[in-house]
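Q: Got target-v9.cif for you, mmCIF, C-alpha atoms and all ligand atoms:
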```cif
data_entry
loop_
_atom_site.label_atom_id
_atom_site.label_comp_id
_atom_site.auth_asym_id
_atom_site.auth_seq_id
_atom_site.Cartn_x
_atom_site.Cartn_y
_atom_site.Cartn_z
CA MET A 1 -0.33 19.72 -2.88
CA MET A 2 0.46 18.51 -6.39
CA LYS A 3 0.98 20.97 -9.18
CA SER A 4 0.42 19.29 -12.50
CA PHE A 5 -0.26 20.15 -16.10
CA ARG A 6 -1.97 18.29 -18.87
CA ILE A 7 0.05 16.96 -21.81
CA GLY A 8 -2.75 15.28 -23.75
CA SER A 9 -5.27 12.51 -23.47
CA LEU A 10 -5.62 8.85 -24.37
CA PHE A 11 -8.99 7.07 -24.67
CA GLY A 12 -10.58 10.25 -23.32
CA ILE A 13 -8.45 10.13 -20.15
CA PRO A 14 -6.37 13.28 -19.51
CA ILE A 15 -2.65 12.52 -19.05
CA LYS A 16 -0.96 14.92 -16.64
CA LEU A 17 2.62 15.57 -15.61
CA ASP A 18 3.29 16.54 -12.02
CA LEU A 19 6.08 19.07 -11.41
CA THR A 20 7.99 16.48 -9.33
CA PHE A 21 8.13 14.31 -12.45
CA LEU A 22 10.22 16.95 -14.23
CA LEU A 23 12.89 16.44 -11.56
CA VAL A 24 12.86 12.69 -11.97
CA LEU A 25 13.18 12.52 -15.75
CA PRO A 26 16.64 14.15 -16.02
CA LEU A 27 17.75 12.27 -12.90
CA PHE A 28 16.82 8.96 -14.52
CA ALA A 29 18.45 9.99 -17.81
CA TYR A 30 21.63 10.81 -15.87
CA LEU A 31 21.57 7.60 -13.78
CA ILE A 32 21.02 5.35 -16.80
CA GLY A 33 23.68 7.19 -18.81
CA ALA A 34 26.21 7.08 -15.96
CA GLN A 35 25.72 3.33 -15.47
CA ILE A 36 25.65 2.37 -19.13
CA GLY A 37 28.69 0.05 -18.79
CA PRO A 38 27.35 -2.12 -15.92
CA VAL A 39 23.86 -2.22 -17.53
CA VAL A 40 25.33 -3.44 -20.84
CA ASP A 41 27.17 -6.17 -18.90
CA ILE A 42 23.88 -7.27 -17.31
CA LEU A 43 22.02 -7.27 -20.65
CA ASN A 44 24.81 -9.13 -22.41
CA ALA A 45 24.94 -11.74 -19.65
CA SER A 46 21.16 -12.15 -19.16
CA MET A 47 19.88 -12.14 -22.73
CA ASN A 48 23.01 -12.65 -24.73
CA ALA A 49 22.56 -9.15 -26.17
CA GLY A 50 26.03 -8.79 -27.63
CA ILE A 51 25.92 -4.99 -27.23
CA ASP A 52 29.23 -3.24 -27.92
CA VAL A 53 29.64 -0.71 -25.10
CA SER A 54 32.41 1.19 -26.92
CA ALA A 55 29.92 2.08 -29.68
CA LEU A 56 27.69 3.77 -27.06
CA THR A 57 30.45 5.87 -25.51
CA THR A 58 32.14 7.38 -28.60
CA GLU A 59 31.04 10.83 -27.39
CA TRP A 60 30.89 11.88 -23.71
CA TRP A 61 27.22 12.96 -24.11
CA LEU A 62 26.03 9.90 -26.01
CA PRO A 63 25.29 7.74 -22.91
CA TYR A 64 23.09 10.53 -21.50
CA VAL A 65 21.09 10.87 -24.72
CA ILE A 66 20.55 7.11 -24.69
CA GLY A 67 19.70 7.41 -20.99
CA LEU A 68 17.07 10.08 -21.77
CA VAL A 69 15.48 7.92 -24.49
CA ALA A 70 15.41 4.94 -22.10
CA ALA A 71 13.91 7.11 -19.31
CA ILE A 72 11.17 8.42 -21.62
CA GLY A 73 10.51 4.83 -22.73
CA LEU A 74 10.24 3.83 -19.09
CA PHE A 75 7.60 6.47 -18.41
CA VAL A 76 5.67 5.51 -21.54
CA GLY A 77 5.64 2.02 -19.97
CA VAL A 78 4.27 3.54 -16.75
CA ILE A 79 1.50 5.34 -18.65
CA LEU A 80 0.57 2.06 -20.39
CA HIS A 81 0.54 0.34 -16.97
CA GLU A 82 -1.87 2.98 -15.62
CA LEU A 83 -3.96 2.74 -18.79
CA GLY A 84 -4.30 -0.99 -18.03
CA HIS A 85 -5.89 -0.13 -14.66
CA SER A 86 -7.94 2.73 -16.12
CA LEU A 87 -9.45 0.95 -19.11
CA THR A 88 -10.40 -2.04 -16.96
CA ALA A 89 -12.03 0.29 -14.42
CA GLN A 90 -13.87 2.11 -17.21
CA ARG A 91 -15.19 -1.19 -18.50
CA TYR A 92 -16.87 -1.67 -15.10
CA GLY A 93 -18.32 1.82 -15.33
CA PHE A 94 -15.93 3.64 -12.98
CA PRO A 95 -15.01 7.01 -14.44
CA ILE A 96 -11.30 7.95 -14.47
CA ASP A 97 -10.35 11.54 -13.62
CA SER A 98 -6.85 11.44 -15.03
CA ILE A 99 -3.53 9.63 -15.19
CA THR A 100 -0.75 11.60 -13.52
CA LEU A 101 2.98 10.95 -13.74
CA TRP A 102 4.80 12.06 -10.61
CA LEU A 103 7.85 11.37 -8.48
CA PHE A 104 7.11 7.69 -7.91
CA GLY A 105 5.63 6.75 -11.26
CA GLY A 106 1.98 6.97 -12.20
CA ILE A 107 -1.39 7.35 -10.53
CA ALA A 108 -4.69 6.53 -12.18
CA ALA A 109 -7.25 8.60 -10.29
CA LEU A 110 -10.47 6.63 -9.92
CA THR A 111 -13.33 8.81 -8.78
CA GLU A 112 -14.75 5.84 -6.94
CA MET A 113 -13.33 2.54 -5.73
CA PRO A 114 -15.07 -0.73 -6.57
CA GLU A 115 -16.22 -2.75 -3.58
CA ASP A 116 -16.79 -5.90 -5.60
CA TRP A 117 -13.74 -8.09 -5.05
CA LYS A 118 -13.67 -9.47 -8.60
CA GLN A 119 -13.73 -6.00 -10.12
CA GLU A 120 -11.01 -4.74 -7.80
CA PHE A 121 -8.92 -7.84 -8.51
CA ASN A 122 -9.18 -7.34 -12.27
CA ILE A 123 -8.51 -3.60 -12.12
CA ALA A 124 -5.47 -4.11 -9.88
CA ILE A 125 -3.92 -6.95 -11.85
CA ALA A 126 -4.44 -5.27 -15.25
CA GLY A 127 -1.50 -2.86 -14.62
CA PRO A 128 1.17 -5.51 -13.95
CA ILE A 129 -0.18 -7.62 -16.83
CA VAL A 130 0.26 -4.65 -19.20
CA SER A 131 3.79 -4.11 -17.86
CA VAL A 132 4.70 -7.74 -18.56
CA LEU A 133 3.25 -7.39 -22.08
CA VAL A 134 5.24 -4.18 -22.65
CA GLY A 135 8.36 -6.04 -21.44
CA VAL A 136 7.68 -8.95 -23.81
CA GLY A 137 6.97 -6.51 -26.68
CA SER A 138 10.25 -4.67 -26.00
CA TYR A 139 12.07 -8.00 -26.01
CA ALA A 140 10.49 -8.98 -29.35
CA LEU A 141 11.59 -5.66 -30.88
CA PHE A 142 15.03 -6.16 -29.34
CA VAL A 143 15.35 -9.55 -31.04
CA LEU A 144 14.18 -8.09 -34.38
CA THR A 145 16.62 -5.15 -34.26
CA PRO A 146 19.87 -5.78 -36.23
CA VAL A 147 22.95 -6.30 -34.04
CA SER A 148 24.64 -3.19 -35.48
CA PHE A 149 22.03 -0.87 -33.88
CA ASN A 150 23.69 -0.90 -30.47
CA GLY A 151 21.81 2.10 -29.07
CA ALA A 152 18.34 0.82 -30.03
CA ARG A 153 19.16 -2.65 -28.73
CA PHE A 154 20.35 -1.17 -25.46
CA VAL A 155 17.12 0.82 -24.96
CA LEU A 156 14.85 -2.09 -25.96
CA GLY A 157 16.74 -4.60 -23.80
CA TYR A 158 16.66 -2.17 -20.88
CA LEU A 159 12.89 -1.62 -21.29
CA ALA A 160 12.28 -5.38 -21.51
CA VAL A 161 14.01 -5.93 -18.14
CA LEU A 162 12.63 -2.82 -16.42
CA ASN A 163 8.97 -3.33 -17.37
CA VAL A 164 9.01 -6.88 -16.05
CA ALA A 165 10.77 -5.57 -12.90
CA LEU A 166 8.06 -2.89 -12.60
CA ALA A 167 5.37 -5.58 -12.74
CA ILE A 168 7.13 -7.63 -10.06
CA PHE A 169 7.70 -4.57 -7.81
CA ASN A 170 4.03 -3.57 -8.07
CA MET A 171 2.98 -7.07 -7.08
CA ILE A 172 4.55 -6.64 -3.61
CA PRO A 173 1.47 -6.98 -1.35
CA ALA A 174 2.00 -3.52 0.15
CA PHE A 175 -1.43 -1.88 0.06
CA PRO A 176 -2.21 0.48 -1.69
CA MET A 177 0.23 -0.83 -4.30
CA ASP A 178 -1.27 -3.21 -6.89
CA GLY A 179 -0.23 -6.34 -4.99
CA GLY A 180 -1.90 -4.96 -1.87
CA ARG A 181 -5.13 -4.25 -3.75
CA ILE A 182 -5.08 -7.78 -5.12
CA LEU A 183 -4.56 -9.03 -1.57
CA ARG A 184 -7.52 -6.97 -0.33
CA ALA A 185 -9.70 -8.29 -3.15
CA LEU A 186 -8.79 -11.86 -2.20
CA LEU A 187 -9.39 -11.18 1.51
CA ALA A 188 -12.74 -9.54 0.69
CA ARG A 189 -14.02 -12.79 -0.82
CA ASN A 190 -15.00 -14.03 2.64
CA THR A 191 -14.41 -11.03 4.91
CA PRO A 192 -16.36 -7.73 5.03
CA TYR A 193 -14.79 -5.12 2.79
CA ALA A 194 -13.81 -2.75 5.63
CA LYS A 195 -12.12 -5.52 7.59
CA ALA A 196 -10.30 -6.78 4.50
CA THR A 197 -9.06 -3.22 3.94
CA GLN A 198 -7.79 -2.95 7.50
CA GLN A 199 -5.95 -6.25 7.20
CA ALA A 200 -4.44 -5.34 3.83
CA ALA A 201 -3.47 -1.89 5.17
CA SER A 202 -1.76 -3.43 8.22
CA ILE A 203 0.27 -5.71 5.96
CA GLY A 204 0.98 -2.71 3.69
CA LYS A 205 2.27 -0.66 6.63
CA LEU A 206 4.48 -3.55 7.73
CA PHE A 207 5.96 -3.77 4.24
CA ALA A 208 6.41 0.01 4.25
CA VAL A 209 8.43 -0.21 7.46
CA PHE A 210 10.63 -2.95 5.96
CA MET A 211 11.05 -1.00 2.73
CA GLY A 212 11.94 2.12 4.70
CA LEU A 213 14.53 0.28 6.80
CA PHE A 214 15.99 -1.39 3.74
CA GLY A 215 16.06 2.00 1.98
CA LEU A 216 17.88 3.56 4.96
CA LEU A 217 20.44 0.75 5.14
CA SER A 218 21.13 0.82 1.41
CA ILE A 219 20.84 4.65 1.28
CA ASN A 220 18.18 4.35 -1.41
CA ILE A 221 16.22 7.62 -1.31
CA ILE A 222 13.58 6.50 -3.81
CA LEU A 223 12.80 3.40 -1.74
CA ILE A 224 12.51 5.51 1.44
CA GLY A 225 10.12 7.82 -0.41
CA VAL A 226 8.01 4.94 -1.67
CA ALA A 227 7.90 3.52 1.88
CA PHE A 228 6.60 6.84 3.28
CA PHE A 229 4.05 7.08 0.50
CA VAL A 230 2.80 3.52 1.03
CA TYR A 231 2.55 4.02 4.81
CA ILE A 232 0.57 7.26 4.62
CA ALA A 233 -1.68 6.12 1.77
CA ALA A 234 -2.42 2.79 3.49
CA SER A 235 -3.38 4.56 6.73
CA SER A 236 -5.62 7.17 5.14
CA GLU A 237 -7.41 4.78 2.80
CA ALA A 238 -8.01 2.31 5.61
CA GLN A 239 -9.51 5.06 7.77
CA GLN A 240 -11.71 6.30 4.94
CA VAL A 241 -13.05 2.82 4.21
CA THR A 242 -13.59 2.03 7.90
CA MET A 243 -15.57 5.24 8.38
CA LYS A 244 -17.59 4.61 5.26
CA ALA A 245 -18.49 1.13 6.49
CA ALA A 246 -19.30 2.37 9.99
CA PHE A 247 -21.54 5.09 8.63
CA GLN A 248 -23.24 2.93 6.02
CA ASP A 249 -26.81 3.56 7.21
CA VAL A 250 -26.14 6.67 9.26
CA THR A 251 -27.58 10.00 8.13
CA VAL A 252 -26.65 13.51 9.18
CA GLY A 253 -29.99 13.67 11.02
CA ASP A 254 -28.96 10.73 13.22
CA ILE A 255 -25.82 12.34 14.61
CA MET A 256 -26.43 16.11 14.41
CA THR A 257 -27.22 18.26 17.41
CA PRO A 258 -30.93 18.98 16.84
CA VAL A 259 -32.35 22.49 17.16
CA PRO A 260 -34.01 22.01 20.59
CA ASN A 261 -30.58 21.17 22.03
CA LEU A 262 -28.83 23.82 20.02
CA HIS A 263 -27.61 27.02 21.56
CA THR A 264 -28.08 29.96 19.25
CA VAL A 265 -27.17 33.64 19.44
CA GLU A 266 -28.79 36.72 17.97
CA PRO A 267 -27.03 39.12 15.59
CA ASP A 268 -27.03 41.95 18.14
CA THR A 269 -25.42 39.90 20.92
CA THR A 270 -22.15 41.59 21.92
CA ILE A 271 -18.85 39.79 21.45
CA SER A 272 -18.15 39.89 25.19
CA THR A 273 -21.49 38.18 25.92
CA LEU A 274 -20.75 35.62 23.21
CA ILE A 275 -17.34 34.79 24.68
CA GLN A 276 -18.88 34.56 28.15
CA ARG A 277 -21.41 32.04 26.78
CA MET A 278 -18.69 30.06 25.05
CA PHE A 279 -16.95 29.77 28.43
CA THR A 280 -19.99 28.65 30.40
CA GLU A 281 -21.58 26.44 27.74
CA ARG A 282 -18.27 25.12 26.39
CA HIS A 283 -19.32 25.55 22.75
CA THR A 284 -17.10 27.12 20.14
CA GLY A 285 -19.63 27.64 17.36
CA TYR A 286 -23.15 29.07 17.34
CA PRO A 287 -25.73 29.49 14.59
CA VAL A 288 -26.90 33.10 14.47
CA VAL A 289 -30.70 33.31 14.43
CA GLU A 290 -32.80 36.40 13.86
CA TYR A 291 -36.33 36.68 15.22
CA ASP A 292 -38.85 38.11 12.88
CA ALA A 293 -42.41 38.93 13.84
CA PHE A 294 -43.80 37.40 10.66
CA GLU A 295 -41.43 34.61 9.74
CA GLY A 296 -40.36 33.49 13.17
CA GLU A 297 -36.76 32.26 13.47
CA ARG A 298 -34.49 32.90 10.54
CA LEU A 299 -30.94 31.66 10.17
CA VAL A 300 -28.55 34.45 9.20
CA GLY A 301 -25.07 33.21 9.96
CA LEU A 302 -22.63 31.19 12.02
CA VAL A 303 -20.16 32.55 14.56
CA THR A 304 -17.15 30.69 15.96
CA LEU A 305 -14.54 31.29 18.63
CA SER A 306 -11.95 32.25 16.04
CA ASP A 307 -14.31 34.89 14.59
CA ALA A 308 -14.78 36.35 18.11
CA ARG A 309 -11.06 36.28 18.89
CA GLY A 310 -10.43 38.62 15.98
CA ILE A 311 -11.82 41.46 18.09
CA ASP A 312 -9.48 43.14 20.55
CA PRO A 313 -10.51 42.36 24.20
CA VAL A 314 -11.08 46.04 25.07
CA GLU A 315 -13.47 46.49 22.16
CA ARG A 316 -15.59 43.41 22.71
CA ASP A 317 -18.51 45.39 24.14
CA ALA A 318 -18.61 47.65 21.11
CA TYR A 319 -18.86 44.87 18.52
CA THR A 320 -21.72 42.47 17.96
CA VAL A 321 -22.02 39.00 16.48
CA GLU A 322 -23.32 40.51 13.26
CA ASP A 323 -19.94 42.22 12.71
CA VAL A 324 -17.87 39.04 12.77
CA MET A 325 -20.21 36.18 11.82
CA THR A 326 -19.83 34.12 8.65
CA THR A 327 -22.71 34.56 6.26
CA ASP A 328 -21.34 32.26 3.56
CA LEU A 329 -22.91 29.20 5.12
CA GLN A 330 -22.26 25.61 4.18
CA THR A 331 -25.36 23.55 4.69
CA ILE A 332 -26.28 19.92 4.35
CA SER A 333 -29.67 18.27 4.36
CA ALA A 334 -30.63 16.06 7.28
CA ASP A 335 -31.12 13.00 5.10
CA SER A 336 -27.60 13.10 3.57
CA ASP A 337 -25.12 10.38 4.48
CA ALA A 338 -22.85 11.12 7.43
CA MET A 339 -19.92 10.38 5.11
CA THR A 340 -21.01 13.21 2.81
CA ALA A 341 -20.87 15.60 5.76
CA ILE A 342 -17.26 14.61 6.48
CA GLU A 343 -16.26 14.98 2.84
CA GLN A 344 -17.91 18.40 2.69
CA MET A 345 -16.12 19.60 5.83
CA GLN A 346 -12.80 18.35 4.45
CA LYS A 347 -13.41 20.01 1.10
CA HIS A 348 -14.18 23.42 2.58
CA GLY A 349 -11.75 23.14 5.50
CA ILE A 350 -14.44 23.93 8.07
CA GLY A 351 -15.45 22.33 11.34
CA ARG A 352 -19.24 22.49 11.22
CA LEU A 353 -22.16 22.42 8.84
CA LEU A 354 -25.68 23.71 9.33
CA VAL A 355 -28.28 21.04 8.84
CA VAL A 356 -31.37 22.18 6.99
CA ASP A 357 -34.56 20.45 6.09
CA THR A 358 -35.11 20.89 2.38
CA ASP A 359 -38.04 18.48 2.31
CA ALA A 360 -40.59 21.27 2.26
CA HIS A 361 -39.34 22.34 -1.16
CA ARG A 362 -38.79 18.89 -2.56
CA SER A 363 -35.59 20.04 -4.13
CA ALA A 364 -33.68 16.80 -4.15
CA ASP A 365 -31.83 17.88 -7.26
CA ARG A 366 -30.25 20.80 -5.48
CA PRO A 367 -26.52 20.30 -5.01
CA ALA A 368 -25.29 19.82 -1.46
CA GLY A 369 -23.40 22.71 0.09
CA GLU A 370 -25.47 25.50 -1.34
CA THR A 371 -26.14 28.52 0.79
CA PRO A 372 -29.48 28.40 2.56
CA HIS A 373 -32.46 29.77 0.76
CA GLU A 374 -35.27 31.76 2.15
CA GLY A 375 -37.48 29.31 3.95
CA ASP A 376 -34.88 26.59 4.55
CA ASP A 377 -35.53 25.41 8.05
CA LEU A 378 -32.56 24.99 10.33
CA VAL A 379 -32.98 21.61 11.98
CA GLY A 380 -29.58 21.19 13.59
CA LEU A 381 -25.83 21.60 13.51
CA ILE A 382 -23.23 18.94 12.75
CA SER A 383 -19.63 19.42 13.82
CA ARG A 384 -16.48 17.45 13.27
CA SER A 385 -16.56 16.37 16.90
CA ASP A 386 -20.17 15.12 16.51
CA VAL A 387 -18.95 12.93 13.66
CA MET A 388 -15.90 11.64 15.53
CA THR A 389 -17.97 10.85 18.64
CA ALA A 390 -20.55 9.01 16.54
CA PHE A 391 -17.76 7.10 14.77
CA ASP A 392 -16.38 6.08 18.16
CA ILE A 393 -19.80 4.86 19.31
CA VAL A 394 -20.45 2.92 16.08
CA GLN A 395 -17.08 1.21 16.31
CA LYS A 396 -17.61 0.20 19.94
CA SER A 397 -21.29 -0.70 19.87
CA GLY A 398 -22.12 -1.28 16.22
CA SER A 399 -25.01 1.20 16.27
CA VAL A 400 -25.68 4.90 16.66
CA ASN A 401 -29.19 4.36 17.98
CA PRO A 402 -28.92 4.98 21.70
CA VAL A 403 -32.08 2.95 22.30
CA GLY A 404 -30.41 -0.10 20.81
CA GLN A 405 -33.22 -1.09 18.49
CA PRO A 406 -32.85 -4.65 17.21
CA GLN A 407 -31.12 -4.64 13.85
CA THR A 408 -32.98 -6.39 11.11
CA ALA A 409 -30.92 -8.82 9.13
CA ASP A 410 -30.74 -8.18 5.42
ZN ZN A 501 -0.38 -0.33 -10.92
#
```
What would the structure in this file look like if it were written as structure tokens?
A:
Amino acid sequence: MMKSFRIGSLFGIPIKLDLTFLLVLPLFAYLIGAQIGPVVDILNASMNAGIDVSALTTEWWLPYVIGLVAAIGLFVGVILHELGHSLTAQRYGFPIDSITLWLFGGIAALTEMPEDWKQEFNIAIAGPIVSVLVGVGSYALFVLTPVSFNGARFVLGYLAVLNVALAIFNMIPAFPMDGGRILRALLARNTPYAKATQQAASIGKLFAVFMGLFGLLSINIILIGVAFFVYIAASSEAQQVTMKAAFQDVTVGDIMTPVPNLHTVEPDTTISTLIQRMFTERHTGYPVVEYDAFEGERLVGLVTLSDARGIDPVERDAYTVEDVMTTDLQTISADSDAMTAIEQMQKHGIGRLLVVDTDAHRSADRPAGETPHEGDDLVGLISRSDVMTAFDIVQKSGSVNPVGQPQTAD
């Protein structure tokens, strides 16, 4: 979705610019330049700046140049804010993918989220603390700059106010904004992490609705955008965390459809027979298994309804499964986490994974998602609907074991 390019790196963290950011920078430069008069009034009133507005408007273009410098300064402040989060996270051993500047500011991409409330609290609060420090630093430079440097004093005064405002705005408890993460960390002190996330996300969504309404009433497009972003991000992160918690001790083997219950087809089955079977058995995906006199069953592919539909109805007797099946198979081992299966399906945009038993080869170091090797035993199939059904059961009963074995406390 996001198209971004790298502009450099700080502390080993790549800094990237998203294409949407290139729209925002000139817009900010324009907005600051166009409102230079009112902003000078605010600075003069609030910190006794004594800036002479006539010195900043001697040329028609001068306000926009000053606006551009202020806008760039603002985004440097945003990078420093994200560095605050990133360096704190790195100190706890969480690797940082990158810092990206986009439409609504910056994103520090953590490859993993801490579940320890103290770590999350410190990582979340580090950004606003840095922003306050940048604001204070700008103010100190503002004070030190001679009164005759009107342009520099304008930019520094503006950055002092805006960085503190940025810190305050980020402290709004609208998860997943910083304030919302701090709220979740505090809730997670005496509530399970998943529940704390749900609560923080609900509050975040409520704030998003208010922000959106306020944005609509005041015709503030940026605020409406932020509201949308907060709402969607809160929902998706809450779902992710809830699933992860639900599937904590659940493996692919627990929720897959095992081979004895699995319907398979052979490569030489005709498409019309396949479609007939899909109708009567109400399955839309079948592993394709070849029978070999020496090796027994061998997995050769996977065929789905959409593969079969590619063949014209009048020709369905002439084509076989072998002609349309997928041979580039995504597999997962039975002892992987259920969550890994979901992530793998999302990554490849597919609805089912073949479950293989790699135990026989003791190849634990083999990366997940590799195509099956000779001798990999097919032990089952896991589909998106298997996962969703299991998720439903876990949420309602607290266990995927149909027998209801007593859970041991740990
Ligand atoms: Zn932040």
Q: Around ligand ZN 501 (chain A), which protein and nucleic acid residues have at least one atom no more than 9 Å from it, if we count only C-alpha atoms and all ligand atoms? List them as a list in words.
A: Val78, His81, Glu82, Gly84, His85, Gly106, Ile107, Ala108, Ile123, Ala124, Ile125, Ala126, Gly127, Pro128, Ser131, Leu166, Ala167, Asn170, Met171, Met177, Asp178 and Gly179 of chain A
Q: Using all atoms listed in the file, what residues lie at most 12 Å away from (-19.1, 13.6, 11.8) (file coordinates), given as a PyMOL selection string?
A: chain A and resi 243-244+246-247+250-257+336-346+350-353+381-394+400
Q: For the selection you just gave me, I'd like the residues written to a file as a PDB file, keeping the file's coordinate frame, keeping C-alpha atoms.
A:
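Below is the file that was written, selection15.pdb:
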```pdb
ATOM      1  CA  MET A 243     -15.570   5.240   8.380  1.00  0.00           C
ATOM      2  CA  LYS A 244     -17.590   4.610   5.260  1.00  0.00           C
ATOM      3  CA  ALA A 246     -19.300   2.370   9.990  1.00  0.00           C
ATOM      4  CA  PHE A 247     -21.540   5.090   8.630  1.00  0.00           C
ATOM      5  CA  VAL A 250     -26.140   6.670   9.260  1.00  0.00           C
ATOM      6  CA  THR A 251     -27.580  10.000   8.130  1.00  0.00           C
ATOM      7  CA  VAL A 252     -26.650  13.510   9.180  1.00  0.00           C
ATOM      8  CA  GLY A 253     -29.990  13.670  11.020  1.00  0.00           C
ATOM      9  CA  ASP A 254     -28.960  10.730  13.220  1.00  0.00           C
ATOM     10  CA  ILE A 255     -25.820  12.340  14.610  1.00  0.00           C
ATOM     11  CA  MET A 256     -26.430  16.110  14.410  1.00  0.00           C
ATOM     12  CA  THR A 257     -27.220  18.260  17.410  1.00  0.00           C
ATOM     13  CA  SER A 336     -27.600  13.100   3.570  1.00  0.00           C
ATOM     14  CA  ASP A 337     -25.120  10.380   4.480  1.00  0.00           C
ATOM     15  CA  ALA A 338     -22.850  11.120   7.430  1.00  0.00           C
ATOM     16  CA  MET A 339     -19.920  10.380   5.110  1.00  0.00           C
ATOM     17  CA  THR A 340     -21.010  13.210   2.810  1.00  0.00           C
ATOM     18  CA  ALA A 341     -20.870  15.600   5.760  1.00  0.00           C
ATOM     19  CA  ILE A 342     -17.260  14.610   6.480  1.00  0.00           C
ATOM     20  CA  GLU A 343     -16.260  14.980   2.840  1.00  0.00           C
ATOM     21  CA  GLN A 344     -17.910  18.400   2.690  1.00  0.00           C
ATOM     22  CA  MET A 345     -16.120  19.600   5.830  1.00  0.00           C
ATOM     23  CA  GLN A 346     -12.800  18.350   4.450  1.00  0.00           C
ATOM     24  CA  ILE A 350     -14.440  23.930   8.070  1.00  0.00           C
ATOM     25  CA  GLY A 351     -15.450  22.330  11.340  1.00  0.00           C
ATOM     26  CA  ARG A 352     -19.240  22.490  11.220  1.00  0.00           C
ATOM     27  CA  LEU A 353     -22.160  22.420   8.840  1.00  0.00           C
ATOM     28  CA  LEU A 381     -25.830  21.600  13.510  1.00  0.00           C
ATOM     29  CA  ILE A 382     -23.230  18.940  12.750  1.00  0.00           C
ATOM     30  CA  SER A 383     -19.630  19.420  13.820  1.00  0.00           C
ATOM     31  CA  ARG A 384     -16.480  17.450  13.270  1.00  0.00           C
ATOM     32  CA  SER A 385     -16.560  16.370  16.900  1.00  0.00           C
ATOM     33  CA  ASP A 386     -20.170  15.120  16.510  1.00  0.00           C
ATOM     34  CA  VAL A 387     -18.950  12.930  13.660  1.00  0.00           C
ATOM     35  CA  MET A 388     -15.900  11.640  15.530  1.00  0.00           C
ATOM     36  CA  THR A 389     -17.970  10.850  18.640  1.00  0.00           C
ATOM     37  CA  ALA A 390     -20.550   9.010  16.540  1.00  0.00           C
ATOM     38  CA  PHE A 391     -17.760   7.100  14.770  1.00  0.00           C
ATOM     39  CA  ASP A 392     -16.380   6.080  18.160  1.00  0.00           C
ATOM     40  CA  ILE A 393     -19.800   4.860  19.310  1.00  0.00           C
ATOM     41  CA  VAL A 394     -20.450   2.920  16.080  1.00  0.00           C
ATOM     42  CA  VAL A 400     -25.680   4.900  16.660  1.00  0.00           C
TER      43      VAL A 400
END
```
Q: Give me the residues near Trp102 of chain A as number ranges by chain, where near means some atom within 12 Å (using all atoms listed in the file) and where sequence neighbours in that chain fewer than 2 positions away do not count.
A: A: 2-5, 15-25, 75, 78-79, 99-100, 104-108, 226
Q: List as a PyMOL selection string the protein and nucleic acid residues near segment 155-159 of chain A, meaning an atom at most 6 Å away when all atoms listed in the file are counted, but skip any in the same chain fewer than 6 places from it.
A: chain A and resi 70+138+142
Q: With 8 Å of padding per side, what axis-aligned box (centre and edge lengths, Å, one decimal) covers all the listed atoms of segment 73-83 of chain A? Give it as JSON.
A:
```
{"center_x": 3.3, "center_y": 3.4, "center_z": -19.2, "size_x": 30.5, "size_y": 22.1, "size_z": 23.1}
```
Q: Between A:Val130, A:Gly67, A:Trp117, A:Leu62, single out the one closest to Leu83 of chain A, counting all atoms listed in the file.
A: A:Val130
Q: Tell me, as a list in words, which residues lie within 12 Å of Leu262 of chain A, counting only C-alpha atoms; anything in the same chain fewer than 4 positions away does not count.
A: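 Residues meeting the cut-off are Met256, Thr257, Pro258, Glu281, His283, Gly285, Tyr286, Pro287, Val288, Val289, Leu354, Val355, Leu378, Val379, Gly380, Leu381, Ile382 and Ser383 of chain A.
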Q: Go ahead and compute the interatomic distance for atom CA of Ser236 of chain A and atom CA of Ser202 of chain A, in Å to one decimal.
A: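 Atom CA of Ser236 of chain A sits 11.7 Å away from atom CA of Ser202 of chain A.
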Q: At a cut-off of 6 Å, using only C-alpha atoms, what residues contact Gly204 of chain A? Leave out same-chain residues fewer than 2 positions from it and give the result as a list in words.
A: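 Those residues are Ala174, Phe175, Ala201, Ser202, Leu206 and Phe207 of chain A.
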Q: Please write the residues from the selection above to a file, keeping C-alpha atoms, as a short mmCIF file (atom, residue, chain, number, x, y, z; two decimals), in the frame of the given file.
A:
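For reference, selection-v2.cif as written:
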```
data_model
loop_
_atom_site.label_atom_id
_atom_site.label_comp_id
_atom_site.auth_asym_id
_atom_site.auth_seq_id
_atom_site.Cartn_x
_atom_site.Cartn_y
_atom_site.Cartn_z
CA ALA A 174 2.00 -3.52 0.15
CA PHE A 175 -1.43 -1.88 0.06
CA ALA A 201 -3.47 -1.89 5.17
CA SER A 202 -1.76 -3.43 8.22
CA LEU A 206 4.48 -3.55 7.73
CA PHE A 207 5.96 -3.77 4.24
#
```
Q: Between A:Pro260, A:Pro63, A:Pro313, A:Gly296, which one has atoms that come closest to Gln35 of chain A, using all atoms listed in the file?
A: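 Counting all atoms listed in the file, the residue closest to Gln35 of chain A is A:Pro63.
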Q: Figure out the distance between atom CA of Asn163 of chain A and atom CA of Gly137 of chain A, please, to one decimal in Å.
A: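 Atom CA of Gly137 of chain A sits 10.0 Å away from atom CA of Asn163 of chain A.
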Q: May I have the residues within 6 Å of Ser98 of chain A as a tab-separated table (two decimals) with C-alpha atoms, keeping the file's coordinate frame, using all atoms listed in the file and disregarding those fewer than 6 positions away in the same chain?
A:
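This is the output file around_15.tsv:
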```tsv
chain	number	residue	atom	x	y	z
A	13	ILE	CA	-8.45	10.13	-20.15
A	14	PRO	CA	-6.37	13.28	-19.51
A	15	ILE	CA	-2.65	12.52	-19.05
A	109	ALA	CA	-7.25	8.60	-10.29
```
Q: Using only C-alpha atoms and a cutoff of 12 Å, can you tell me which residues are near (29.9, 2.4, -27.4) in the file's coordinates, and write them out as a list in words?
A: Gly33, Ile36, Gly37, Val40, Gly50, Ile51, Asp52, Val53, Ser54, Ala55, Leu56, Thr57, Thr58, Glu59, Trp60, Trp61, Leu62, Pro63, Ile66, Ser148, Phe149, Asn150, Gly151, Ala152, Arg153 and Phe154 of chain A
